[in-house]
file start20.cif (mmCIF, C-alpha atoms)
data_input
#
loop_
_atom_site.label_atom_id
_atom_site.label_comp_id
_atom_site.auth_asym_id
_atom_site.auth_seq_id
_atom_site.Cartn_x
_atom_site.Cartn_y
_atom_site.Cartn_z
CA MET D 33 -108.13 85.14 -84.16
CA GLU D 34 -109.20 82.93 -87.00
CA TYR D 35 -110.47 83.90 -90.43
CA VAL D 36 -112.23 81.44 -92.64
CA LEU D 37 -112.43 82.23 -96.33
CA GLU D 38 -114.57 80.09 -98.56
CA ILE D 39 -114.34 80.69 -102.30
CA ILE D 40 -116.33 78.98 -105.00
CA ARG D 41 -115.13 80.00 -108.43
CA LYS D 42 -116.86 80.28 -111.79
CA CYS D 43 -119.37 77.75 -111.66
CA PHE D 44 -122.35 75.76 -111.62
CA LEU D 45 -126.16 72.74 -109.32
CA PRO D 46 -126.98 70.44 -112.01
CA VAL D 47 -130.53 71.68 -112.43
CA LEU D 48 -132.49 70.29 -115.35
CA LEU D 49 -134.77 72.99 -116.59
CA SER D 50 -136.46 70.79 -119.20
CA LEU D 51 -136.96 73.67 -121.53
CA ALA D 52 -137.76 73.08 -125.11
CA MET D 53 -137.82 76.27 -126.99
CA VAL D 54 -140.55 77.09 -129.67
CA ALA D 55 -141.28 79.60 -132.35
CA CYS D 56 -144.30 81.67 -131.38
CA GLU D 57 -145.47 85.28 -131.14
CA LYS D 58 -143.34 85.71 -128.02
CA GLU D 59 -140.13 85.34 -130.00
CA THR D 60 -138.54 88.31 -131.67
CA GLY D 61 -136.48 87.49 -134.74
CA LYS D 62 -133.83 89.83 -136.10
CA SER D 63 -134.02 89.18 -139.82
CA GLU D 64 -131.59 91.78 -141.15
CA SER D 65 -129.05 89.07 -142.02
CA LEU D 66 -131.51 86.59 -143.51
CA ASN D 67 -131.49 85.89 -147.23
CA GLU D 68 -132.66 83.34 -149.78
CA ASN D 69 -129.88 80.92 -148.79
CA TYR D 70 -131.72 79.86 -145.61
CA GLU D 71 -135.11 78.52 -144.69
CA PRO D 72 -136.77 78.54 -141.26
CA VAL D 73 -137.03 75.37 -139.20
CA ASP D 74 -138.27 74.66 -135.68
CA VAL D 75 -135.68 73.09 -133.36
CA ARG D 76 -136.37 71.51 -129.96
CA VAL D 77 -133.97 72.66 -127.24
CA ALA D 78 -133.35 71.14 -123.79
CA MET D 79 -131.29 73.15 -121.28
CA THR D 80 -129.48 72.57 -118.02
CA VAL D 81 -127.52 74.78 -115.64
CA VAL D 82 -124.33 72.99 -114.66
CA ASP D 83 -122.75 72.87 -111.21
CA TYR D 84 -120.14 75.29 -109.92
CA GLN D 85 -116.70 74.09 -110.98
CA ASN D 86 -113.24 74.31 -109.37
CA GLN D 87 -114.73 74.68 -105.92
CA LYS D 88 -112.31 75.81 -103.21
CA GLN D 89 -113.30 75.52 -99.59
CA THR D 90 -111.61 75.79 -96.21
CA ARG D 91 -113.30 75.14 -92.88
CA GLY D 92 -116.16 77.50 -93.63
CA SER D 93 -119.74 76.47 -93.06
CA ARG D 94 -121.74 75.09 -95.98
CA THR D 95 -124.88 76.87 -94.78
CA THR D 96 -126.41 79.55 -96.99
CA LEU D 97 -125.04 83.01 -96.24
CA SER D 98 -126.68 86.42 -96.55
CA GLY D 99 -126.46 87.70 -100.11
CA ASP D 100 -126.77 84.22 -101.60
CA MET D 101 -129.11 84.20 -104.61
CA GLY D 102 -130.46 80.76 -103.78
CA ASN D 103 -132.54 79.31 -106.60
CA GLU D 104 -132.00 82.46 -108.65
CA GLU D 105 -128.55 81.08 -109.45
CA ASN D 106 -130.30 78.48 -111.60
CA THR D 107 -133.27 80.45 -112.92
CA ILE D 108 -133.57 81.47 -116.56
CA HIS D 109 -135.82 84.49 -117.06
CA ASN D 110 -135.05 85.23 -120.69
CA ILE D 111 -132.82 83.95 -123.46
CA THR D 112 -131.14 85.65 -126.41
CA VAL D 113 -130.04 83.19 -129.10
CA PHE D 114 -127.58 84.00 -131.88
CA GLN D 115 -127.11 81.77 -134.91
CA PHE D 116 -123.84 82.42 -136.74
CA ASP D 117 -122.78 80.94 -140.05
CA GLY D 118 -119.49 79.30 -139.13
CA GLU D 119 -117.63 77.32 -136.49
CA GLY D 120 -117.25 79.92 -133.76
CA ASN D 121 -114.64 82.15 -135.40
CA ASP D 122 -114.62 85.90 -134.81
CA ALA D 123 -115.53 86.65 -138.43
CA ASP D 124 -118.65 84.42 -138.44
CA PRO D 125 -121.66 86.54 -139.53
CA LEU D 126 -125.00 86.56 -137.74
CA VAL D 127 -127.75 84.63 -139.52
CA VAL D 128 -130.62 85.22 -137.11
CA LEU D 129 -131.28 86.35 -133.54
CA ARG D 130 -134.10 85.10 -131.35
CA TYR D 131 -135.28 86.46 -128.01
CA VAL D 132 -137.60 84.59 -125.62
CA ASP D 133 -138.81 85.97 -122.29
CA SER D 134 -141.94 83.97 -121.50
CA SER D 135 -143.48 80.50 -121.84
CA LEU D 136 -140.10 78.83 -121.46
CA ASP D 137 -141.52 75.48 -120.38
CA HIS D 138 -142.30 73.95 -123.76
CA LEU D 139 -140.88 75.95 -126.60
CA VAL D 140 -139.33 75.17 -129.93
CA LEU D 141 -136.81 77.67 -131.22
CA GLY D 142 -137.08 78.99 -134.77
CA LEU D 143 -133.64 78.83 -136.44
CA MET D 144 -132.42 78.92 -140.06
CA GLN D 145 -131.24 75.94 -142.11
CA PRO D 146 -128.83 76.45 -145.04
CA LYS D 147 -130.67 75.47 -148.23
CA SER D 148 -127.64 74.43 -150.27
CA ASP D 149 -126.22 72.19 -147.52
CA PRO D 150 -128.80 71.23 -144.86
CA ASN D 151 -126.13 69.26 -142.96
CA LYS D 152 -123.75 72.22 -142.67
CA GLU D 153 -123.13 72.97 -138.99
CA GLN D 154 -123.94 76.39 -137.57
CA PHE D 155 -122.52 78.08 -134.47
CA ILE D 156 -125.27 78.81 -131.95
CA TYR D 157 -124.61 81.08 -128.96
CA PHE D 158 -127.07 81.34 -126.05
CA VAL D 159 -127.15 84.13 -123.45
CA ALA D 160 -129.54 83.98 -120.50
CA ASN D 161 -130.79 86.84 -118.34
CA THR D 162 -129.53 89.95 -120.16
CA GLY D 163 -133.03 91.21 -120.96
CA ASN D 164 -133.19 93.58 -123.93
CA LEU D 165 -129.50 94.45 -123.74
CA LEU D 166 -128.50 92.35 -126.77
CA GLN D 167 -131.75 92.24 -128.72
CA ASN D 168 -130.60 94.70 -131.39
CA PHE D 169 -127.24 93.04 -132.06
CA SER D 170 -126.43 92.45 -135.75
CA GLY D 171 -122.64 91.95 -135.97
CA THR D 172 -120.17 89.08 -136.06
CA TYR D 173 -119.39 86.60 -133.29
CA GLY D 174 -116.17 88.51 -132.58
CA GLU D 175 -118.18 91.68 -132.01
CA LEU D 176 -120.60 89.87 -129.71
CA LYS D 177 -117.66 88.66 -127.58
CA GLN D 178 -116.67 92.29 -126.96
CA LYS D 179 -120.03 93.24 -125.44
CA LEU D 180 -119.77 94.21 -121.78
CA ILE D 181 -122.49 93.46 -119.22
CA LEU D 182 -122.46 95.88 -116.29
CA VAL D 183 -122.95 94.60 -112.75
CA ASN D 184 -124.22 96.44 -109.70
CA GLU D 185 -122.71 96.89 -106.24
CA GLY D 186 -123.97 93.47 -105.21
CA GLY D 187 -122.22 91.88 -108.17
CA ILE D 188 -125.38 90.78 -109.94
CA ALA D 189 -126.26 92.00 -113.41
CA ASP D 190 -129.77 93.51 -113.11
CA GLY D 191 -130.39 91.31 -110.08
CA ILE D 192 -130.22 88.04 -112.02
CA MET D 193 -127.50 85.60 -113.02
CA VAL D 194 -126.03 85.98 -116.52
CA MET D 195 -125.34 82.61 -118.16
CA THR D 196 -123.96 81.54 -121.54
CA CYS D 197 -123.58 78.44 -123.66
CA SER D 198 -122.48 77.71 -127.23
CA LEU D 199 -122.33 74.76 -129.59
CA LYS D 200 -121.82 73.77 -133.21
CA THR D 201 -124.76 71.83 -134.59
CA LYS D 202 -126.85 71.02 -137.62
CA VAL D 203 -130.03 73.08 -137.77
CA ASN D 204 -132.56 70.37 -138.39
CA THR D 205 -136.16 69.88 -137.31
CA LEU D 206 -135.45 66.22 -136.63
CA GLN D 207 -132.39 66.93 -134.46
CA GLY D 208 -132.92 68.43 -131.02
CA ILE D 209 -130.34 70.55 -129.19
CA THR D 210 -129.14 70.11 -125.61
CA ILE D 211 -127.23 73.00 -124.05
CA ASN D 212 -125.50 73.38 -120.68
CA PHE D 213 -125.49 76.91 -119.30
CA ILE D 214 -122.59 78.15 -117.18
CA ARG D 215 -122.76 81.23 -114.99
CA ARG D 216 -120.64 84.24 -115.92
CA LEU D 217 -120.28 85.44 -112.31
CA ALA D 218 -117.99 83.74 -109.81
CA LYS D 219 -119.40 83.10 -106.35
CA VAL D 220 -117.41 84.17 -103.30
CA ASN D 221 -118.51 83.06 -99.82
CA VAL D 222 -116.69 84.73 -96.91
CA THR D 223 -117.04 83.86 -93.23
CA CYS D 224 -115.09 85.20 -90.26
CA SER D 225 -114.64 83.74 -86.79
CA VAL D 226 -112.66 84.94 -83.78
CA ALA D 227 -110.93 82.43 -81.53
CA THR D 228 -112.13 82.11 -77.97
CA GLY D 229 -110.35 84.53 -75.63
CA VAL D 230 -109.24 86.91 -78.41
CA ASN D 231 -110.39 90.50 -77.86
CA PHE D 232 -111.22 91.43 -81.43
CA SER D 233 -114.42 92.51 -83.18
CA PRO D 234 -114.40 92.93 -86.97
CA ALA D 235 -115.88 96.28 -88.00
CA ARG D 236 -116.48 95.76 -91.71
CA LEU D 237 -116.48 93.02 -94.33
CA GLN D 238 -116.10 94.20 -97.93
CA LEU D 239 -115.03 93.04 -101.38
CA ARG D 240 -112.96 95.74 -103.08
CA ASN D 241 -111.60 96.58 -106.53
CA VAL D 242 -113.93 94.28 -108.44
CA PRO D 243 -114.49 94.67 -112.22
CA LYS D 244 -117.62 96.69 -113.01
CA SER D 245 -118.55 94.54 -115.97
CA LEU D 246 -118.26 91.06 -117.39
CA VAL D 247 -117.48 89.86 -120.88
CA LEU D 248 -119.39 87.04 -122.51
CA GLU D 249 -116.21 85.40 -123.79
CA LYS D 250 -112.47 86.10 -123.61
CA THR D 251 -111.05 88.23 -126.39
CA SER D 252 -107.60 89.50 -127.30
CA ALA D 253 -108.38 92.75 -125.49
CA ILE D 254 -107.36 93.18 -121.84
CA VAL D 255 -110.55 93.42 -119.80
CA PRO D 256 -111.03 95.37 -117.69
CA GLY D 257 -108.67 98.14 -118.65
CA ALA D 258 -106.18 99.38 -116.06
CA SER D 259 -108.28 102.32 -114.89
CA THR D 260 -109.97 102.93 -111.55
CA GLU D 261 -113.21 103.79 -113.35
CA ASN D 262 -113.48 100.15 -114.42
CA PHE D 263 -113.54 98.85 -110.84
CA LEU D 264 -115.80 99.29 -107.83
CA ASN D 265 -116.08 98.33 -104.18
CA TYR D 266 -119.04 96.13 -103.33
CA LEU D 267 -121.38 97.11 -100.51
CA SER D 268 -119.77 96.57 -97.12
CA LEU D 269 -121.19 94.45 -94.33
CA THR D 270 -121.13 96.05 -90.87
CA GLU D 271 -123.62 93.92 -88.92
CA ASN D 272 -123.52 90.21 -88.15
CA ILE D 273 -120.12 89.96 -89.83
CA SER D 274 -119.36 86.66 -88.15
CA ASN D 275 -122.31 85.15 -90.04
CA GLY D 276 -120.53 85.82 -93.32
CA TYR D 277 -121.72 86.98 -96.73
CA THR D 278 -121.92 85.85 -100.36
CA TRP D 279 -120.84 88.02 -103.29
CA TYR D 280 -120.95 87.41 -107.03
CA MET D 281 -118.24 88.93 -109.18
CA PRO D 282 -117.15 89.05 -112.84
CA GLU D 283 -113.94 87.33 -113.82
CA ASN D 284 -110.92 89.62 -113.91
CA ILE D 285 -109.15 88.48 -117.07
CA ARG D 286 -106.33 91.00 -117.01
CA GLY D 287 -104.02 88.18 -116.06
CA MET D 288 -101.42 87.96 -113.30
CA GLY D 289 -98.75 90.52 -112.52
CA THR D 290 -97.22 92.67 -109.80
CA ALA D 291 -98.02 96.16 -108.56
CA ALA D 292 -96.92 98.42 -105.74
CA ASP D 293 -100.47 99.69 -105.25
CA ALA D 294 -103.31 97.28 -104.52
CA LYS D 295 -105.66 99.44 -106.60
CA LYS D 296 -103.59 98.70 -109.71
#

call {"tool": "encode", "arguments": {"input": "start20.cif", "output": "structure tokens"}}
result
Amino acid sequence: MEYVLEIIRKCFLPVLLSLAMVACEKETGKSESLNENYEPVDVRVAMTVVDYQNQKQTRGSRTTLSGDMGNEENTIHNITVFQFDGEGNDADPLVVLRYVDSSLDHLVLGLMQPKSDPNKEQFIYFVANTGNLLQNFSGTYGELKQKLILVNEGGIADGIMVMTCSLKTKVNTLQGITINFIRRLAKVNVTCSVATGVNFSPARLQLRNVPKSLVLEKTSAIVPGASTENFLNYLSLTENISNGYTWYMPENIRGMGTAADAKK
């Protein structure tokens, strides 16, 4: 009897999306934090989705398995952009929020330039594929980091891949921005094979005790909390098990430890 487990962790096909993001009617700006200290500028943005990193593989096949998202792993359907006044510290306040969900081929993103110091860097945080979940956000960067994105029993948030990227940059019409998105869901490929002559047939293939939600960034809080309500079992595979399956799962950032019960 031989089991082959193929795991690809947190990660990400260098796919150039050649997106340049532009201010237009399809953007929604959250102007609650705006004041006379800033003025609007249009900034060109180019984006890529980087390859999966820290890949671990045994003798498993490299062929695409059932459950694999395929090109959806690299597809950006919508973007929520947060401009914070600061360098990426938890206390940095939100300056403006932009949301774009269409015409992503040739856009320029409307951001805010400090009037008193046009060369002052701002902290820009990009989130892809969370839909309207974060459109009404108005807090600090530290509060944004605490937002949880729920996943379903297949491990995919709303059926699409959540991605994030951040950078410190000058907000200047003459200076474009290039960002590299990383996926917030790890990819787990599992295949199973039985040695010739072994009388064994696997009955079920399942990923268990997986976090129900993902965080955009690590915080000082322990996520998920040590409660069964924060974990779920993904849908089990009962047919064609030998062909394997692909799951996507949030990172469990509780850390390492010991427990007498696997559920803990």

call {"tool": "residues_around", "arguments": {"input": "start20.cif", "residues": "Phe158 (chain D)", "least_positions_apart": "3", "cutoff": "7 Å", "atoms": "only C-alpha atoms", "output": "PyMOL selection string"}}
result
chain D and resi 111-114+196-198

call {"tool": "atom_distance", "arguments": {"input": "start20.cif", "atom1": "CA of Val203 (chain D)", "atom2": "CA of Lys179 (chain D)"}}
result
25.7 Å

call {"tool": "atom_distance", "arguments": {"input": "start20.cif", "atom1": "CA of Leu143 (chain D)", "atom2": "CA of Lys202 (chain D)"}}
result
10.4 Å

call {"tool": "axis_aligned_box", "arguments": {"input": "start20.cif", "around": "region 147-164 of chain D", "padding_each_side": "5 Å", "output": "JSON"}}
result
{"center_x": -127.9, "center_y": 81.4, "center_z": -134.3, "size_x": 20.7, "size_y": 34.3, "size_z": 41.9}

call {"tool": "atom_distance", "arguments": {"input": "start20.cif", "atom1": "CA of Leu182 (chain D)", "atom2": "CA of Ile273 (chain D)"}}
result
27.2 Å
